[in-house]
>>> print(open('query-v8.txt').read())   # compact mmCIF, C-alpha atoms and all ligand atoms
# COMPACT_ATOMS: atom_id res chain seq x y z
CA MET A 1 75.33 138.83 99.61
CA LYS A 2 75.96 136.71 96.59
CA THR A 3 76.03 132.98 97.02
CA LEU A 4 79.45 131.50 96.63
CA LEU A 5 79.89 128.16 94.99
CA ILE A 6 83.37 126.86 95.32
CA SER A 7 83.88 125.11 92.07
CA GLY A 8 84.88 121.49 91.90
CA ALA A 9 87.25 122.91 89.36
CA ALA A 10 89.23 124.41 92.20
CA ALA A 11 91.08 121.14 92.57
CA ALA A 12 91.77 121.08 88.85
CA LEU A 13 93.10 124.59 89.11
CA LEU A 14 95.92 123.40 91.26
CA SER A 15 97.40 121.80 88.19
CA PHE A 16 97.66 125.31 86.78
CA GLY A 17 100.63 125.63 89.03
CA LEU A 18 99.35 129.12 89.68
CA ILE A 19 97.79 128.69 93.06
CA SER A 20 100.20 129.17 95.88
CA THR A 21 98.10 127.46 98.51
CA ALA A 22 98.52 123.76 99.15
CA ASN A 23 94.83 123.50 100.00
CA ALA A 24 92.59 122.96 96.99
CA ASP A 25 89.51 124.22 98.84
CA LYS A 26 90.94 127.63 99.52
CA HIS A 27 90.93 130.62 97.29
CA ALA A 28 92.08 134.14 97.79
CA PHE A 29 88.73 135.94 97.84
CA ASN A 30 85.98 136.51 100.35
CA ASP A 31 83.27 137.18 97.83
CA ALA A 32 82.47 137.04 94.15
CA GLU A 33 82.76 140.81 93.67
CA SER A 34 86.36 140.93 94.80
CA ALA A 35 87.23 137.95 92.59
CA VAL A 36 85.66 139.65 89.56
CA ASP A 37 87.36 142.93 90.36
CA TYR A 38 90.74 141.24 90.72
CA ARG A 39 90.62 139.37 87.44
CA GLN A 40 89.29 142.40 85.53
CA LYS A 41 92.10 144.57 86.86
CA GLY A 42 94.57 141.86 85.86
CA PHE A 43 93.18 141.81 82.33
CA SER A 44 93.23 145.57 82.23
CA LEU A 45 96.97 145.65 83.01
CA ILE A 46 97.50 142.88 80.49
CA ARG A 47 95.84 145.03 77.86
CA ASN A 48 97.90 148.13 78.79
CA ASN A 49 101.12 146.24 78.20
CA PHE A 50 99.85 144.45 75.15
CA VAL A 51 98.64 147.61 73.42
CA ALA A 52 101.94 149.39 74.10
CA MET A 53 103.88 146.50 72.57
CA GLY A 54 101.46 146.32 69.64
CA GLU A 55 102.18 149.93 68.77
CA MET A 56 105.87 149.11 68.47
CA VAL A 57 105.26 145.90 66.53
CA LYS A 58 103.08 147.85 64.06
CA GLY A 59 105.63 150.64 63.83
CA GLU A 60 103.26 153.30 65.17
CA VAL A 61 105.76 153.95 67.94
CA ASP A 62 109.53 153.60 67.50
CA TYR A 63 110.81 150.26 68.72
CA ASP A 64 112.74 150.63 71.95
CA ALA A 65 114.25 147.27 72.92
CA ALA A 66 114.55 148.03 76.65
CA ILE A 67 110.99 149.30 77.03
CA PHE A 68 109.62 146.48 74.93
CA ALA A 69 111.48 143.87 76.97
CA GLN A 70 110.16 145.39 80.20
CA ARG A 71 106.61 145.32 78.86
CA ALA A 72 107.02 141.72 77.71
CA ASN A 73 108.38 140.68 81.12
CA ASP A 74 105.51 142.40 82.88
CA LEU A 75 103.03 140.72 80.55
CA ALA A 76 104.56 137.31 81.21
CA ARG A 77 104.12 137.87 84.93
CA LEU A 78 100.63 139.31 84.57
CA SER A 79 99.59 136.33 82.45
CA HIS A 80 99.41 134.33 85.68
CA ILE A 81 97.16 136.77 87.49
CA PRO A 82 93.53 136.65 86.29
CA TRP A 83 92.86 132.93 86.66
CA GLN A 84 92.70 132.86 90.43
CA GLY A 85 89.71 135.17 90.15
CA PHE A 86 87.80 132.47 88.30
CA ILE A 87 87.87 129.87 91.04
CA VAL A 88 84.86 131.46 92.70
CA GLU A 89 82.11 129.95 90.60
CA GLY A 90 79.44 132.39 91.72
CA ALA A 91 81.38 135.12 89.94
CA GLN A 92 79.24 134.96 86.84
CA PRO A 93 76.89 137.27 84.90
CA GLY A 94 74.91 139.54 87.14
CA ASN A 95 78.02 140.38 89.13
CA ASP A 96 79.19 143.05 86.72
CA THR A 97 81.21 140.57 84.76
CA ASP A 98 81.57 139.68 81.11
CA ALA A 99 82.68 136.15 81.94
CA LEU A 100 80.30 133.60 80.42
CA PRO A 101 79.02 130.61 82.41
CA GLU A 102 80.54 128.38 79.70
CA ILE A 103 83.88 128.87 81.45
CA TRP A 104 82.81 126.66 84.31
CA ASP A 105 81.07 124.19 81.98
CA ASN A 106 84.27 123.78 79.92
CA TRP A 107 86.80 124.23 82.63
CA ASP A 108 89.50 122.01 81.05
CA ASP A 109 89.35 123.94 77.81
CA PHE A 110 89.45 127.29 79.62
CA LYS A 111 92.40 126.12 81.68
CA GLU A 112 94.27 124.94 78.58
CA ARG A 113 93.72 128.31 76.96
CA ALA A 114 95.01 130.08 80.04
CA GLU A 115 98.07 127.83 80.09
CA SER A 116 98.83 128.37 76.43
CA PHE A 117 98.49 132.12 76.98
CA ILE A 118 100.98 131.91 79.84
CA SER A 119 103.51 129.96 77.77
CA ASP A 120 103.10 132.20 74.70
CA THR A 121 103.74 135.31 76.80
CA GLN A 122 106.82 133.58 78.20
CA ASN A 123 108.02 132.98 74.63
CA LEU A 124 107.37 136.61 73.82
CA ALA A 125 109.45 137.73 76.80
CA GLU A 126 112.29 135.50 75.62
CA ALA A 127 112.06 136.88 72.09
CA ALA A 128 112.00 140.41 73.49
CA ALA A 129 115.15 139.75 75.51
CA GLY A 130 116.89 138.90 72.23
CA GLY A 131 116.01 142.34 70.91
CA SER A 132 115.22 141.39 67.32
CA MET A 133 111.90 142.48 65.84
CA ASP A 134 112.11 139.54 63.41
CA ASP A 135 111.74 137.20 66.39
CA ILE A 136 109.41 139.43 68.35
CA LYS A 137 106.76 139.85 65.67
CA PRO A 138 105.76 136.17 65.30
CA ALA A 139 105.91 135.69 69.09
CA PHE A 140 103.67 138.71 69.57
CA MET A 141 101.18 137.44 66.98
CA ALA A 142 101.12 134.02 68.64
CA ALA A 143 100.38 135.61 72.01
CA ALA A 144 97.69 137.85 70.48
CA LYS A 145 95.74 134.87 69.15
CA ASN A 146 95.04 133.76 72.72
CA CYS A 147 93.09 136.92 73.55
CA LYS A 148 90.58 136.63 70.74
CA GLY A 149 90.39 132.85 70.89
CA CYS A 150 89.36 132.91 74.53
CA HIS A 151 87.17 136.02 74.34
CA ASP A 152 85.18 134.60 71.40
CA ASN A 153 84.25 131.61 73.53
CA TYR A 154 84.15 132.86 77.08
CA LYS A 155 83.70 136.64 77.19
CA ASP A 156 80.42 138.44 76.54
C1 LIG B 1 91.78 132.03 78.72
C2 LIG B 1 90.88 133.14 78.46
C3 LIG B 1 91.38 134.52 78.20
C4 LIG B 1 92.54 134.94 77.62
C5 LIG B 1 93.69 134.10 77.08
C6 LIG B 1 92.50 136.38 77.60
N1 LIG B 1 91.34 136.82 78.17
FE1 LIG B 1 90.78 138.74 78.39
N2 LIG B 1 89.13 138.17 79.41
C7 LIG B 1 88.70 136.86 79.56
C8 LIG B 1 87.47 136.84 80.30
C9 LIG B 1 86.68 135.61 80.69
C10 LIG B 1 87.14 138.17 80.58
C11 LIG B 1 85.93 138.71 81.35
C12 LIG B 1 86.32 138.92 82.81
C13 LIG B 1 85.18 139.49 83.63
O1 LIG B 1 84.51 140.46 83.18
O2 LIG B 1 84.94 138.97 84.72
C14 LIG B 1 88.21 138.99 80.00
C15 LIG B 1 88.25 140.37 80.09
C16 LIG B 1 89.21 141.16 79.48
C17 LIG B 1 89.24 142.61 79.54
C18 LIG B 1 88.22 143.51 80.24
C19 LIG B 1 88.68 143.75 81.68
C20 LIG B 1 87.73 144.68 82.42
O3 LIG B 1 88.18 145.72 82.95
O4 LIG B 1 86.51 144.36 82.50
C21 LIG B 1 90.33 143.01 78.82
C22 LIG B 1 90.80 144.44 78.57
C23 LIG B 1 90.99 141.81 78.33
N3 LIG B 1 90.28 140.69 78.77
C24 LIG B 1 92.14 141.81 77.57
C25 LIG B 1 92.82 140.66 77.18
C26 LIG B 1 94.00 140.66 76.37
C27 LIG B 1 94.65 141.91 75.77
C28 LIG B 1 94.39 139.36 76.24
C29 LIG B 1 95.57 138.82 75.49
C30 LIG B 1 96.84 139.50 75.56
C31 LIG B 1 93.43 138.55 76.96
N4 LIG B 1 92.49 139.37 77.51
C32 LIG B 1 93.50 137.17 77.08
C33 LIG B 1 89.36 135.75 79.13
C34 LIG B 1 90.62 135.73 78.53
>>> encode(input="query-v8.txt", output="structure tokens")
Amino acid sequence: MKTLLISGAAAALLSFGLISTANADKHAFNDAESAVDYRQKGFSLIRNNFVAMGEMVKGEVDYDAAIFAQRANDLARLSHIPWQGFIVEGAQPGNDTDALPEIWDNWDDFKERAESFISDTQNLAEAAAGGSMDDIKPAFMAAAKNCKGCHDNYKD
């Protein structure tokens, strides 16, 4: 059994607006492993959608407005998913995770990055609904910056 430390950041996480519970001390997971697994699967689905859109943005695959818009909508919804899996502070290296302990040392910065990712994916979904690649491309690039920016700081 891994020791679970419920982060003091759990309260701060409520301001994410992502946690459905009204109780700041509660989180959705029984143990660190399931929290890690959940967030990694969320990121994995994020990548699937992101890569598929990237192929259209780069012209490697023909742009299909309906498929792109569906991907962008799914991404916008998925952008909310991984963060709940970070509330369990014990879910750090040694638990089959690439998440760096710096996340919990710089919680406000991590949270801001997550929030800007969420809003940039929302912008991308709105651009995609318009159906013009001229609008989509800059919105896609803006969303893409979030991945590397956060990974460089917080992912092994
Ligand atoms: C605010 C920070 C943050 C943002 C933004 C972010 N990631 Fe990550 N990502 C992480 C962290 C932290 C991990 C490590 C999770 C773990 O292993 O527990 C991770 C892991 C991953 C993984 C590996 C999942 C697995 O199966 O182990 C993929 C793929 C990934 N991210 C893709 C993306 C893509 C694509 C984007 C942008 C569209 C993105 N991420 C945006 C922080 C972020």
>>> residues_around(input="query-v8.txt", residues="A:Glu126", least_positions_apart="3", cutoff="12 Å", atoms="all atoms listed in the file", output="ChimeraX atom specification")
/A:68-73,75-76,119-123,129-132,135-136,139-140
>>> closest_residue(input="query-v8.txt", among="A:Asp152, A:Glu60, A:Ile87, A:Ala65", to="A:Ala127", atoms="all atoms listed in the file")
A:Ala65
>>> residues_near_ligand(input="query-v8.txt", ligand="ligand LIG 1 (chain B)", cutoff="9 Å", atoms="all atoms listed in the file", output="JSON, numbers by chain")
{"A": [35, 36, 37, 38, 39, 40, 41, 42, 43, 44, 45, 46, 47, 48, 49, 50, 51, 75, 79, 82, 83, 85, 86, 91, 92, 93, 95, 96, 97, 98, 99, 100, 103, 109, 110, 111, 112, 113, 114, 115, 116, 117, 118, 121, 143, 144, 145, 146, 147, 148, 149, 150, 151, 152, 153, 154, 155, 156]}
>>> atom_distance(input="query-v8.txt", atom1="atom CA of A:His80", atom2="atom CA of A:Gly59")
28.0 Å
>>> atom_distance(input="query-v8.txt", atom1="atom CA of A:Ala66", atom2="atom CA of A:Leu78")
18.2 Å
>>> atom_distance(input="query-v8.txt", atom1="atom CA of A:Gln84", atom2="atom CA of A:Ala32")
11.7 Å
>>> closest_residue(input="query-v8.txt", among="A:Ile67, A:Val88, A:Met56, A:Ile81", to="A:Met133", atoms="all atoms listed in the file")
A:Met56
>>> closest_residue(input="query-v8.txt", among="A:Glu33, A:Ala28, A:Pro101, A:Val57", to="A:Asp134", atoms="only C-alpha atoms")
A:Val57
